$ cat protein_18.cif   # mmCIF, C-alpha atoms
data_run
#
loop_
_atom_site.label_atom_id
_atom_site.label_comp_id
_atom_site.auth_asym_id
_atom_site.auth_seq_id
_atom_site.Cartn_x
_atom_site.Cartn_y
_atom_site.Cartn_z
CA MET A 1 0.00 0.00 0.00
CA LYS A 2 2.95 2.35 0.66
CA ILE A 3 4.24 2.15 -2.91
CA PRO A 4 0.98 3.34 -4.58
CA SER A 5 0.68 6.03 -1.90
CA ALA A 6 4.19 7.30 -2.68
CA ALA A 7 3.89 7.06 -6.47
CA GLU A 8 3.87 10.24 -8.55
CA HIS A 9 1.53 8.74 -11.14
CA VAL A 10 -0.76 5.71 -10.69
CA ILE A 11 -2.59 3.75 -13.40
CA ASP A 12 -5.51 1.72 -12.02
CA ILE A 13 -6.97 -1.12 -14.12
CA GLY A 14 -10.27 -2.79 -13.29
CA PRO A 15 -12.78 -2.51 -11.85
CA GLY A 16 -12.75 -6.27 -11.26
CA ALA A 17 -10.88 -9.27 -12.63
CA GLY A 18 -11.34 -11.41 -15.73
CA LYS A 19 -14.18 -10.20 -17.95
CA ARG A 20 -14.99 -7.54 -15.37
CA GLY A 21 -11.57 -5.92 -15.76
CA GLY A 22 -9.40 -4.65 -18.56
CA ARG A 23 -10.56 -1.04 -18.38
CA LEU A 24 -8.71 2.07 -17.27
CA ILE A 25 -10.53 3.10 -14.09
CA ALA A 26 -8.36 5.99 -13.01
CA GLU A 27 -4.95 7.49 -13.44
CA GLY A 28 -3.05 10.33 -11.88
CA SER A 29 -2.26 11.07 -8.28
CA VAL A 30 -3.44 9.12 -5.26
CA ALA A 31 -6.14 11.75 -4.77
CA ASP A 32 -7.41 11.07 -8.28
CA LEU A 33 -7.75 7.35 -7.48
CA GLU A 34 -9.48 8.08 -4.19
CA ALA A 35 -11.99 10.25 -6.03
CA ALA A 36 -12.79 7.56 -8.62
CA PRO A 37 -15.97 5.73 -7.50
CA ASP A 38 -15.11 2.49 -9.35
CA SER A 39 -11.52 2.23 -8.11
CA GLN A 40 -11.02 -0.51 -5.53
CA THR A 41 -7.45 0.70 -5.12
CA GLY A 42 -8.61 4.22 -4.33
CA ARG A 43 -11.20 2.88 -1.89
CA TYR A 44 -8.58 0.92 0.07
CA LEU A 45 -6.14 3.83 0.03
CA LEU A 46 -8.84 6.13 1.39
CA HIS A 47 -10.35 3.66 3.85
CA ALA A 48 -7.62 1.21 4.83
CA MET A 49 -8.42 -1.89 6.87
CA ARG A 50 -8.93 -1.36 10.59
CA HIS A 51 -7.52 -4.03 12.84
CA PRO A 52 -8.32 -6.42 14.25
CA LEU A 53 -11.16 -7.45 11.96
CA GLN A 54 -12.29 -9.82 14.70
CA ALA A 55 -11.40 -10.21 18.36
CA ARG A 56 -8.01 -11.81 18.98
CA ARG A 57 -8.08 -15.36 20.28
CA LEU A 58 -6.97 -15.71 23.90
CA ILE A 59 -3.31 -16.56 24.50
CA ASP A 60 -1.71 -14.33 27.13
CA ALA A 61 -3.82 -15.53 30.05
CA LEU A 62 -2.92 -19.13 29.29
CA GLU A 63 0.73 -18.73 28.39
CA ASN A 64 2.14 -18.55 31.90
CA ARG A 65 0.16 -21.62 32.99
CA ALA A 66 1.48 -23.56 30.00
CA VAL A 67 5.15 -22.68 30.56
CA SER A 68 5.61 -25.15 33.41
CA ALA A 69 4.21 -27.93 31.23
CA LEU A 70 6.50 -27.08 28.36
CA HIS A 71 9.59 -27.21 30.60
CA LYS A 72 8.77 -30.86 31.31
CA THR A 73 8.79 -31.83 27.64
CA ILE A 74 11.63 -33.11 25.47
CA SER A 75 14.83 -31.05 25.51
CA ASP A 76 16.99 -33.41 23.48
CA ILE A 77 15.28 -36.24 21.59
CA LYS A 78 18.46 -38.16 20.79
CA GLN A 79 19.19 -38.65 24.51
CA SER A 80 15.61 -39.42 25.45
CA GLU A 81 14.86 -42.94 26.70
CA ASN A 82 11.19 -42.41 27.43
CA LEU A 83 9.89 -40.22 24.58
CA ILE A 84 6.22 -41.20 24.81
CA ASN A 85 5.96 -40.93 28.60
CA LYS A 86 7.32 -37.40 28.48
CA ALA A 87 5.10 -36.43 25.55
CA GLN A 88 2.01 -37.81 27.28
CA THR A 89 2.83 -35.92 30.48
CA ALA A 90 3.22 -32.68 28.55
CA THR A 91 0.00 -33.27 26.65
CA GLU A 92 -2.03 -34.01 29.76
CA THR A 93 -0.74 -30.88 31.49
CA GLU A 94 -1.39 -28.72 28.44
CA GLU A 95 -4.93 -30.05 28.13
CA ASP A 96 -5.65 -28.54 31.54
CA THR A 97 -4.69 -25.13 30.13
CA THR A 98 -6.85 -25.62 26.99
CA LEU A 99 -3.96 -24.23 24.94
CA HIS A 100 -1.42 -26.42 23.14
CA TRP A 101 1.98 -25.29 21.91
CA LEU A 102 4.19 -26.71 19.18
CA THR A 103 7.78 -26.12 20.29
CA ALA A 104 11.08 -26.50 18.47
CA HIS A 105 13.95 -26.64 20.95
CA GLY A 106 17.49 -25.53 20.16
CA ALA A 107 16.83 -24.48 16.55
CA GLN A 108 20.24 -23.88 14.98
CA LEU A 109 19.87 -24.29 11.23
CA HIS A 110 21.54 -21.69 8.98
CA ASN A 111 21.61 -18.43 10.94
CA LEU A 112 19.25 -19.50 13.77
CA GLN A 113 20.98 -18.88 17.11
CA HIS A 114 20.02 -21.99 19.12
CA LEU A 115 16.56 -20.54 19.76
CA THR A 116 13.47 -22.20 21.20
CA ALA A 117 10.34 -21.27 19.26
CA ARG A 118 6.88 -21.85 20.75
CA VAL A 119 3.89 -21.71 18.42
CA PRO A 120 0.38 -21.63 19.98
CA LEU A 121 -1.93 -24.06 18.20
CA ALA A 122 -5.48 -23.33 17.02
CA ARG A 123 -4.36 -19.75 16.44
CA LEU A 124 -3.30 -17.50 13.55
CA VAL A 125 0.45 -17.06 14.05
CA ALA A 126 2.75 -14.81 12.00
CA ILE A 127 6.52 -15.17 11.78
CA THR A 128 7.98 -11.78 10.97
CA GLY A 129 11.31 -9.98 10.64
CA VAL A 130 13.51 -8.23 8.12
CA SER A 131 14.67 -10.11 5.02
CA GLY A 132 17.27 -12.71 5.91
CA SER A 133 16.33 -12.84 9.59
CA GLY A 134 15.57 -16.59 9.45
CA LYS A 135 11.79 -16.66 9.01
CA SER A 136 11.63 -19.34 6.31
CA THR A 137 14.35 -21.38 7.98
CA LEU A 138 12.41 -21.51 11.23
CA ALA A 139 8.92 -21.98 9.78
CA ARG A 140 9.60 -24.27 6.82
CA ASP A 141 12.95 -25.97 7.36
CA VAL A 142 12.59 -26.59 11.11
CA LEU A 143 8.94 -26.47 12.25
CA LEU A 144 7.27 -27.73 9.06
CA THR A 145 9.85 -30.40 8.22
CA ASN A 146 10.03 -31.92 11.69
CA ALA A 147 6.33 -31.65 12.54
CA ALA A 148 5.39 -33.28 9.23
CA ALA A 149 7.80 -36.16 9.83
CA TRP A 150 6.76 -36.78 13.43
CA VAL A 151 3.02 -36.36 12.90
CA GLY A 152 3.23 -38.49 9.74
CA GLN A 153 4.93 -41.35 11.54
CA ARG A 154 2.23 -41.43 14.20
CA GLN A 155 -0.48 -41.96 11.56
CA THR A 156 0.24 -45.71 11.32
CA ARG A 157 0.31 -48.43 13.95
CA ALA A 158 3.86 -49.37 12.98
CA GLY A 159 4.94 -45.75 13.25
CA ARG A 160 3.41 -45.35 16.68
CA ASP A 161 5.07 -48.55 17.85
CA ALA A 162 8.41 -47.26 16.60
CA MET A 163 7.97 -44.02 18.47
CA ASP A 164 6.91 -45.96 21.56
CA ALA A 165 10.27 -47.69 21.28
CA GLY A 166 12.06 -44.33 21.11
CA LYS A 167 12.67 -44.48 17.35
CA ALA A 168 11.52 -41.05 16.26
CA PRO A 169 12.43 -39.59 12.85
CA PRO A 170 15.76 -37.73 12.93
CA LEU A 171 15.38 -34.07 13.73
CA VAL A 172 16.44 -31.42 11.23
CA GLY A 173 17.97 -28.21 12.53
CA CYS A 174 16.91 -28.52 16.16
CA THR A 175 17.51 -30.67 19.23
CA GLY A 176 13.93 -31.35 20.28
CA LEU A 177 10.28 -31.16 19.28
CA SER A 178 7.26 -31.13 21.58
CA GLY A 179 3.54 -30.49 21.31
CA PHE A 180 3.17 -32.32 18.00
CA GLU A 181 0.77 -34.83 19.57
CA ALA A 182 -2.10 -32.33 19.30
CA ILE A 183 -1.70 -32.17 15.50
CA ASP A 184 -3.29 -34.72 13.15
CA ARG A 185 -1.99 -33.38 9.84
CA VAL A 186 0.66 -30.97 8.55
CA LEU A 187 0.36 -29.19 5.21
CA GLU A 188 2.28 -26.44 3.43
CA VAL A 189 -0.04 -24.40 1.24
CA ASP A 190 2.40 -23.06 -1.34
CA GLN A 191 2.20 -21.46 -4.77
CA THR A 192 3.25 -24.47 -6.81
CA PRO A 193 0.91 -25.32 -9.74
CA ILE A 194 -2.17 -27.44 -8.99
CA GLY A 195 -1.59 -29.32 -12.25
CA LYS A 196 0.72 -29.43 -15.25
CA THR A 197 -1.70 -30.36 -18.05
CA PRO A 198 -4.79 -28.61 -19.48
CA ARG A 199 -6.89 -31.52 -18.19
CA SER A 200 -6.33 -30.26 -14.65
CA CYS A 201 -8.62 -27.40 -13.64
CA PRO A 202 -10.16 -25.86 -10.49
CA ALA A 203 -13.25 -28.11 -10.69
CA THR A 204 -11.22 -31.34 -10.79
CA TYR A 205 -8.64 -30.20 -8.23
CA ILE A 206 -11.18 -29.17 -5.59
CA GLY A 207 -13.25 -32.25 -6.33
CA PHE A 208 -16.76 -31.06 -7.14
CA TRP A 209 -16.50 -32.02 -10.82
CA ASP A 210 -17.35 -35.62 -9.92
CA LEU A 211 -20.64 -34.40 -8.41
CA ILE A 212 -21.43 -32.43 -11.57
CA ARG A 213 -20.77 -35.51 -13.73
CA LYS A 214 -23.18 -37.51 -11.57
CA LEU A 215 -25.85 -34.83 -12.03
CA PHE A 216 -25.64 -35.20 -15.80
CA ALA A 217 -25.62 -39.00 -15.55
CA GLU A 218 -28.90 -38.87 -13.61
CA THR A 219 -30.79 -36.93 -16.32
CA LEU A 220 -33.45 -38.75 -18.34
CA GLU A 221 -31.52 -38.17 -21.57
CA ALA A 222 -28.37 -39.73 -20.14
CA LYS A 223 -30.25 -42.74 -18.80
CA ALA A 224 -32.01 -43.24 -22.12
CA ARG A 225 -28.65 -43.26 -23.89
CA GLY A 226 -27.11 -45.53 -21.28
CA TYR A 227 -24.55 -42.95 -20.16
CA ALA A 228 -22.94 -43.31 -16.74
CA ALA A 229 -20.90 -40.62 -14.93
CA GLY A 230 -17.76 -41.79 -16.73
CA ARG A 231 -19.24 -40.58 -20.01
CA PHE A 232 -18.92 -37.00 -18.77
CA SER A 233 -15.21 -37.21 -18.00
CA PHE A 234 -12.84 -35.32 -20.30
CA ASN A 235 -9.86 -37.30 -19.01
CA THR A 236 -10.90 -40.77 -20.17
CA GLY A 237 -13.79 -42.60 -21.80
CA ALA A 238 -15.88 -42.36 -24.92
CA GLY A 239 -17.42 -38.99 -24.08
CA ARG A 240 -14.43 -36.76 -24.68
CA CYS A 241 -13.43 -35.20 -27.98
CA PRO A 242 -11.34 -37.73 -29.92
CA SER A 243 -9.31 -35.03 -31.64
CA CYS A 244 -7.91 -33.16 -28.61
CA GLU A 245 -8.53 -36.03 -26.15
CA GLY A 246 -10.49 -33.80 -23.81
CA GLN A 247 -7.95 -30.97 -23.57
CA GLY A 248 -9.97 -28.46 -25.57
CA MET A 249 -6.86 -27.42 -27.43
CA ARG A 250 -4.09 -28.93 -29.46
CA THR A 251 -0.37 -28.43 -28.91
CA ILE A 252 1.79 -27.78 -31.95
CA GLU A 253 5.43 -28.55 -31.28
CA MET A 254 7.79 -25.95 -32.73
CA SER A 255 11.46 -26.66 -33.34
CA PHE A 256 13.67 -24.23 -31.40
CA LEU A 257 10.59 -22.25 -30.34
CA PRO A 258 8.01 -22.60 -27.54
CA ASP A 259 5.10 -24.93 -28.32
CA VAL A 260 1.97 -23.27 -29.71
CA LYS A 261 -1.47 -24.12 -28.31
CA LEU A 262 -4.47 -23.78 -30.62
CA LEU A 263 -8.18 -24.22 -29.96
CA CYS A 264 -9.35 -27.65 -31.04
CA GLU A 265 -10.94 -27.31 -34.49
CA VAL A 266 -13.33 -30.22 -33.81
CA CYS A 267 -14.89 -29.42 -30.41
CA HIS A 268 -13.92 -25.72 -30.39
CA GLY A 269 -12.79 -25.95 -26.76
CA ALA A 270 -15.84 -27.85 -25.48
CA ARG A 271 -13.68 -30.95 -24.73
CA PHE A 272 -16.55 -33.40 -25.41
CA ASN A 273 -17.99 -35.04 -28.51
CA PRO A 274 -21.41 -33.99 -29.91
CA GLU A 275 -23.25 -37.02 -28.45
CA THR A 276 -22.13 -36.12 -24.92
CA LEU A 277 -22.87 -32.43 -25.40
CA ALA A 278 -26.44 -33.34 -26.42
CA VAL A 279 -27.23 -34.18 -22.78
CA THR A 280 -28.25 -31.09 -20.81
CA TRP A 281 -28.99 -30.27 -17.17
CA ARG A 282 -31.18 -27.22 -16.66
CA GLY A 283 -30.56 -26.19 -20.24
CA LYS A 284 -26.76 -26.37 -20.11
CA SER A 285 -24.48 -29.00 -21.65
CA ILE A 286 -21.48 -30.36 -19.77
CA GLY A 287 -19.22 -28.30 -22.03
CA GLU A 288 -21.11 -25.09 -21.26
CA VAL A 289 -20.86 -25.79 -17.53
CA LEU A 290 -17.12 -26.28 -17.89
CA ARG A 291 -16.82 -22.83 -19.52
CA MET A 292 -19.02 -21.22 -16.88
CA GLU A 293 -17.50 -18.63 -14.54
CA VAL A 294 -17.55 -19.34 -10.82
CA ASP A 295 -19.82 -16.34 -10.15
CA GLU A 296 -22.41 -17.69 -12.60
CA ALA A 297 -22.01 -21.26 -11.37
CA VAL A 298 -22.77 -20.24 -7.77
CA GLU A 299 -26.29 -19.26 -8.83
CA PHE A 300 -26.66 -22.09 -11.33
CA PHE A 301 -25.94 -24.77 -8.69
CA ALA A 302 -27.57 -22.94 -5.77
CA SER A 303 -29.94 -25.85 -5.17
CA MET A 304 -27.04 -28.34 -4.88
CA PRO A 305 -25.22 -27.45 -1.62
CA ALA A 306 -22.38 -29.96 -2.11
CA ILE A 307 -21.45 -28.16 -5.35
CA ALA A 308 -22.46 -24.62 -4.42
CA HIS A 309 -20.39 -24.60 -1.21
CA PRO A 310 -16.92 -24.92 -2.80
CA LEU A 311 -18.02 -22.55 -5.57
CA LYS A 312 -19.02 -19.95 -2.96
CA LEU A 313 -15.63 -20.41 -1.29
CA LEU A 314 -13.91 -19.71 -4.61
CA GLN A 315 -15.99 -16.57 -4.85
CA ASP A 316 -15.09 -15.60 -1.28
CA VAL A 317 -11.35 -15.75 -1.98
CA GLY A 318 -11.71 -13.49 -5.01
CA LEU A 319 -11.66 -16.11 -7.77
CA GLY A 320 -15.22 -15.70 -8.98
CA TYR A 321 -13.98 -14.70 -12.43
CA LEU A 322 -12.29 -18.06 -13.13
CA THR A 323 -14.04 -20.62 -15.31
CA LEU A 324 -14.63 -24.07 -13.84
CA GLY A 325 -12.49 -25.65 -16.53
CA GLN A 326 -9.69 -23.10 -16.70
CA PRO A 327 -6.49 -25.07 -17.43
CA SER A 328 -4.21 -25.25 -14.39
CA PRO A 329 -1.06 -24.21 -16.30
CA THR A 330 -2.67 -20.80 -16.96
CA LEU A 331 -3.13 -20.07 -13.25
CA SER A 332 -0.61 -17.90 -11.40
CA GLY A 333 1.03 -19.07 -8.21
CA GLY A 334 -1.22 -16.83 -6.10
CA LYS A 335 -4.37 -18.23 -7.71
CA ALA A 336 -3.13 -21.79 -7.25
CA GLN A 337 -2.47 -21.09 -3.58
CA ARG A 338 -5.97 -19.72 -3.04
CA ILE A 339 -7.50 -22.74 -4.80
CA LYS A 340 -5.56 -24.96 -2.38
CA LEU A 341 -6.96 -22.94 0.53
CA VAL A 342 -10.49 -23.44 -0.82
CA THR A 343 -9.84 -27.19 -1.02
CA GLU A 344 -8.87 -27.15 2.65
CA LEU A 345 -11.93 -25.10 3.62
CA THR A 346 -14.17 -27.68 1.94
CA LYS A 347 -12.49 -30.35 4.07
CA VAL A 348 -13.35 -28.40 7.22
CA ARG A 349 -17.03 -28.70 6.27
CA ASP A 350 -16.74 -32.31 5.08
CA ASP A 351 -14.91 -33.49 8.20
CA VAL A 352 -17.67 -32.13 10.43
CA THR A 353 -20.57 -33.50 8.38
CA ARG A 354 -19.08 -36.91 7.65
CA ARG A 355 -17.40 -37.73 10.93
CA GLY A 356 -19.89 -36.15 13.30
CA GLN A 357 -17.05 -35.60 15.74
CA LYS A 358 -13.97 -33.47 16.38
CA THR A 359 -12.37 -32.13 13.21
CA PRO A 360 -8.83 -33.49 12.63
CA HIS A 361 -6.41 -30.75 13.62
CA THR A 362 -4.31 -29.51 10.67
CA LEU A 363 -1.27 -27.27 10.88
CA TYR A 364 -1.12 -25.05 7.78
CA VAL A 365 2.13 -23.31 6.84
CA LEU A 366 2.11 -20.49 4.27
CA ASP A 367 5.12 -18.56 3.00
CA GLU A 368 4.22 -14.95 2.09
CA PRO A 369 0.79 -15.70 0.57
CA THR A 370 0.13 -12.00 -0.09
CA VAL A 371 2.82 -11.69 -2.80
CA GLY A 372 1.20 -10.16 -5.89
CA LEU A 373 -2.20 -9.64 -4.26
CA HIS A 374 -4.26 -6.44 -4.40
CA MET A 375 -5.37 -4.94 -1.08
CA ALA A 376 -8.90 -6.23 -1.72
CA ASP A 377 -7.54 -9.75 -2.23
CA VAL A 378 -5.42 -9.48 0.94
CA HIS A 379 -8.62 -8.63 2.81
CA LYS A 380 -10.28 -11.78 1.46
CA LEU A 381 -7.19 -13.89 2.24
CA ILE A 382 -7.24 -12.73 5.86
CA GLN A 383 -10.87 -13.81 6.16
CA VAL A 384 -9.98 -17.24 4.74
CA LEU A 385 -7.14 -17.68 7.24
CA HIS A 386 -9.52 -16.76 10.08
CA ARG A 387 -12.04 -19.32 8.81
CA LEU A 388 -9.41 -22.05 8.93
CA VAL A 389 -8.57 -21.18 12.54
CA ASP A 390 -12.26 -20.89 13.46
CA GLY A 391 -12.61 -24.41 12.01
CA GLY A 392 -10.25 -25.74 14.69
CA HIS A 393 -6.96 -25.59 12.78
CA SER A 394 -3.61 -23.85 13.24
CA VAL A 395 -2.21 -21.39 10.70
CA LEU A 396 1.45 -20.39 10.63
CA VAL A 397 2.24 -17.69 8.09
CA ILE A 398 5.57 -16.12 7.12
CA GLU A 399 4.68 -12.58 6.23
CA HIS A 400 5.84 -9.03 5.53
CA ASP A 401 2.37 -7.63 4.80
CA LEU A 402 1.39 -5.43 7.73
CA ASP A 403 -2.35 -6.04 7.35
CA VAL A 404 -1.87 -9.80 7.78
CA ILE A 405 0.53 -9.33 10.69
CA ALA A 406 -1.97 -6.99 12.37
CA GLU A 407 -4.58 -9.77 12.24
CA ALA A 408 -2.38 -12.43 13.88
CA ASP A 409 -3.25 -13.73 17.33
CA TRP A 410 0.46 -14.23 18.04
CA VAL A 411 3.61 -12.94 16.36
CA ILE A 412 7.15 -14.36 16.51
CA ASP A 413 9.49 -11.57 15.41
CA LEU A 414 12.99 -12.59 14.30
CA GLY A 415 16.05 -10.41 13.91
CA PRO A 416 17.12 -7.92 14.85
CA GLU A 417 18.81 -7.77 11.43
CA GLY A 418 19.38 -10.15 8.51
CA GLY A 419 22.05 -12.77 7.92
CA ALA A 420 24.56 -13.13 10.75
CA GLY A 421 22.81 -10.27 12.54
CA GLY A 422 19.55 -12.21 12.75
CA GLY A 423 18.42 -15.65 13.81
CA ARG A 424 17.13 -14.59 17.23
CA ILE A 425 13.63 -14.05 18.58
CA VAL A 426 13.56 -10.35 19.38
CA ALA A 427 9.88 -10.29 20.36
CA LYS A 428 6.89 -12.58 20.75
CA GLY A 429 3.32 -11.76 21.60
CA THR A 430 0.36 -9.93 20.11
CA PRO A 431 0.85 -7.27 17.43
CA GLU A 432 0.28 -4.67 20.14
CA ASP A 433 3.13 -6.21 22.17
CA LEU A 434 5.52 -5.75 19.23
CA VAL A 435 4.54 -2.09 18.97
CA ARG A 436 5.27 -1.58 22.67
CA LEU A 437 8.65 -3.34 22.35
CA GLY A 438 9.64 -1.14 19.43
CA THR A 439 11.15 -3.77 17.14
CA HIS A 440 11.57 -3.04 13.42
CA THR A 441 8.26 -4.83 12.80
CA GLY A 442 6.62 -3.10 15.74
CA LYS A 443 7.57 0.35 14.49
CA ALA A 444 6.14 -0.39 11.05
CA LEU A 445 3.02 -1.91 12.61
CA ALA A 446 2.21 1.04 14.89
CA PRO A 447 0.47 3.27 12.31
CA VAL A 448 -1.45 0.25 10.93
CA LEU A 449 -2.93 -0.55 14.35
CA ALA A 450 -3.60 3.14 14.97
CA ARG A 451 -5.89 3.54 11.95
CA GLN A 452 -9.23 5.15 12.75
#

$ encode --input "protein_18.cif" --output "structure tokens"
Amino acid sequence: MKIPSAAEHVIDIGPGAGKRGGRLIAEGSVADLEAAPDSQTGRYLLHAMRHPLQARRLIDALENRAVSALHKTISDIKQSENLINKAQTATETEEDTTLHWLTAHGAQLHNLQHLTARVPLARLVAITGVSGSGKSTLARDVLLTNAAAWVGQRQTRAGRDAMDAGKAPPLVGCTGLSGFEAIDRVLEVDQTPIGKTPRSCPATYIGFWDLIRKLFAETLEAKARGYAAGRFSFNTGAGRCPSCEGQGMRTIEMSFLPDVKLLCEVCHGARFNPETLAVTWRGKSIGEVLRMEVDEAVEFFASMPAIAHPLKLLQDVGLGYLTLGQPSPTLSGGKAQRIKLVTELTKVRDDVTRRGQKTPHTLYVLDEPTVGLHMADVHKLIQVLHRLVDGGHSVLVIEHDLDVIAEADWVIDLGPEGGAGGGRIVAKGTPEDLVRLGTHTGKALAPVLARQ
């Protein structure tokens, strides 16, 4: 937000994304953007987010009670003879406090200075600091790597037996790990592509395409023709276009030049053959549904909650302009990351409805998810992160964006500088605590929290 505010001349494109964008909304000074009624950028510059958007989740009152429990946990796993007994003791004590902590002891990878990092679970936690202070090393290389290995081993009977015998996975970059018992699953939500071929798309990745295929298979026309759900798959079967094999386009290999992709001259991008496209549901063929934008599909499938719910989530994270069948290779890293978040949000709902019991606790790790996002999209991302935590999960985010940091329940601030001058925890607590302590992050955060 500071760069547009400091710019001498700003060009604002919009007003929305996809078909709703592509127009010059405003240009000139910041005041010109703020005066433009259709400029989302001007609106956020004029009325910036006020924090917190929701009340912070309780931590401080429970922290002191939990400290004594954490001191009893593992300090050095390699020398431990009774790993499970110690872990169980720590867990039972922490349960009395209703707050669990994931703790990496003696973290010393790269520039980390033998620090002990404690992450409160079932909270939104931000790891902050100047560039090179050790944020990614601590969050991804130490906490994520070790928690994933230890939690993963406990998922099987053989793994649990091995840990009962003191055979835990080797630790990476630290001397001990505690508090992992409260976690059922560990996942890094990164910006890697959700698929490498045009056959992969948001509908197939999130999983609701199977439900749409079943809808078409249940129509009278499909039953009369003897079509099952497999007929409406563009990946396999007799229903897809034989020319492009369900990709909707053909790839022309060019010697010494990048390949050229052309629209299929047979199906014209519909991906299916004419016989399959003849079957309709509420007046739309399967090919037309595939080309439908998320915003339109939300209304079209409003009567089908299992389909409408993930579509509404896509809309909530700012991806309403995508088509259901948009090829995965055309999606940016930020879009792919938000689609992965939507997939996880659908699991929050599914776990509750299918299991009828406590939702499995997932630890999500995100590395600077706001890169390349507009202020309006950052606002939506923050709401998604809160929804994951409200669903009973833990979110650990490496971040420079002050709006995200201001929304965190707990912040671990590394530094004080980068490289050899970093690798230490200079502050930990709420965003307000960092402001009071006057760290680099705290000083930058002060005007953000002071917004009126």

$ atom_distance --input "protein_18.cif" --atom1 "atom CA of Pro242 of chain A" --atom2 "atom CA of Asn273 of chain A"
7.3 Å

$ closest_atom_pairs --input "protein_18.cif" --of "segment 115-157 of chain A" --to "segment 426-432 of chain A" --cutoff "12 Å" --atoms "all atoms listed in the file" --output "Markdown table"
| residue | atom | partner | partner_atom | distance |
| --- | --- | --- | --- | --- |
| A:Leu115 | CA | A:Val426 | CA | 10.6 |
| A:Thr116 | CA | A:Lys428 | CA | 11.7 |
| A:Ala117 | CA | A:Lys428 | CA | 9.5 |
| A:Arg118 | CA | A:Lys428 | CA | 9.3 |
| A:Val119 | CA | A:Lys428 | CA | 9.9 |
| A:Pro120 | CA | A:Gly429 | CA | 10.4 |
| A:Arg123 | CA | A:Thr430 | CA | 11.5 |
| A:Leu124 | CA | A:Thr430 | CA | 10.7 |
| A:Val125 | CA | A:Thr430 | CA | 9.4 |
| A:Ala126 | CA | A:Pro431 | CA | 9.5 |
| A:Ile127 | CA | A:Lys428 | CA | 9.3 |
| A:Thr128 | CA | A:Ala427 | CA | 9.7 |
| A:Gly129 | CA | A:Val426 | CA | 9.0 |
| A:Val130 | CA | A:Val426 | CA | 11.5 |
| A:Ser133 | CA | A:Val426 | CA | 10.5 |
| A:Gly134 | CA | A:Val426 | CA | 11.9 |

$ closest_residue --input "protein_18.cif" --among "A:Arg57, A:Arg436, A:Lys340, A:Arg43" --to "Glu188 of chain A" --atoms "all atoms listed in the file"
A:Lys340

$ residues_around --input "protein_18.cif" --residues "Gln40 of chain A" --least-positions-apart "3" --cutoff "8 Å" --atoms "all atoms listed in the file" --output "VMD selection string"
chain A and resid 15 43 to 44 376

$ closest_residue --input "protein_18.cif" --among "A:Leu121, A:Cys201, A:Leu313, A:Leu277" --to "Asp390 of chain A" --atoms "only C-alpha atoms"
A:Leu121

$ closest_residue --input "protein_18.cif" --among "A:Pro447, A:Gly318, A:Gly415, A:Gly442" --to "Lys2 of chain A" --atoms "all atoms listed in the file"
A:Pro447

$ residues_around --input "protein_18.cif" --residues "segment 228-236 of chain A" --least-positions-apart "2" --cutoff "6 Å" --atoms "only C-alpha atoms" --output "PyMOL selection string"
chain A and resi 213-214+217+239-240+246

$ resolve_selection --input "protein_18.cif" --expression "the PyMOL selection byres ((chain A and resi 244) around 10)" --output "PDB file with C-alpha atoms, keeping the file's coordinate frame"
ATOM      1  CA  PHE A 234     -12.840 -35.320 -20.300  1.00  0.00           C
ATOM      2  CA  ARG A 240     -14.430 -36.760 -24.680  1.00  0.00           C
ATOM      3  CA  CYS A 241     -13.430 -35.200 -27.980  1.00  0.00           C
ATOM      4  CA  PRO A 242     -11.340 -37.730 -29.920  1.00  0.00           C
ATOM      5  CA  SER A 243      -9.310 -35.030 -31.640  1.00  0.00           C
ATOM      6  CA  GLU A 245      -8.530 -36.030 -26.150  1.00  0.00           C
ATOM      7  CA  GLY A 246     -10.490 -33.800 -23.810  1.00  0.00           C
ATOM      8  CA  GLN A 247      -7.950 -30.970 -23.570  1.00  0.00           C
ATOM      9  CA  GLY A 248      -9.970 -28.460 -25.570  1.00  0.00           C
ATOM     10  CA  MET A 249      -6.860 -27.420 -27.430  1.00  0.00           C
ATOM     11  CA  ARG A 250      -4.090 -28.930 -29.460  1.00  0.00           C
ATOM     12  CA  THR A 251      -0.370 -28.430 -28.910  1.00  0.00           C
ATOM     13  CA  LEU A 263      -8.180 -24.220 -29.960  1.00  0.00           C
ATOM     14  CA  CYS A 264      -9.350 -27.650 -31.040  1.00  0.00           C
ATOM     15  CA  GLU A 265     -10.940 -27.310 -34.490  1.00  0.00           C
ATOM     16  CA  VAL A 266     -13.330 -30.220 -33.810  1.00  0.00           C
ATOM     17  CA  CYS A 267     -14.890 -29.420 -30.410  1.00  0.00           C
ATOM     18  CA  HIS A 268     -13.920 -25.720 -30.390  1.00  0.00           C
ATOM     19  CA  GLY A 269     -12.790 -25.950 -26.760  1.00  0.00           C
ATOM     20  CA  ARG A 271     -13.680 -30.950 -24.730  1.00  0.00           C
ATOM     21  CA  PHE A 272     -16.550 -33.400 -25.410  1.00  0.00           C
TER      22      PHE A 272
END

$ atom_distance --input "protein_18.cif" --atom1 "atom CA of Lys284 of chain A" --atom2 "atom CA of Ile194 of chain A"
27.0 Å

$ resolve_selection --input "protein_18.cif" --expression "the PyMOL selection byres ((chain A and resi 288-304) around 8)" --output "list of chain:residue names"
A:Ala270, A:Lys284, A:Ser285, A:Ile286, A:Gly287, A:Pro305, A:Ala306, A:Ile307, A:Ala308, A:Leu311, A:Lys312, A:Leu314, A:Gln315, A:Leu319, A:Gly320, A:Tyr321, A:Leu322, A:Thr323, A:Leu324, A:Gly325, A:Gln326

$ closest_residue --input "protein_18.cif" --among "A:Ile3, A:Ile425, A:Ile25, A:Leu396" --to "Asp409 of chain A" --atoms "only C-alpha atoms"
A:Leu396
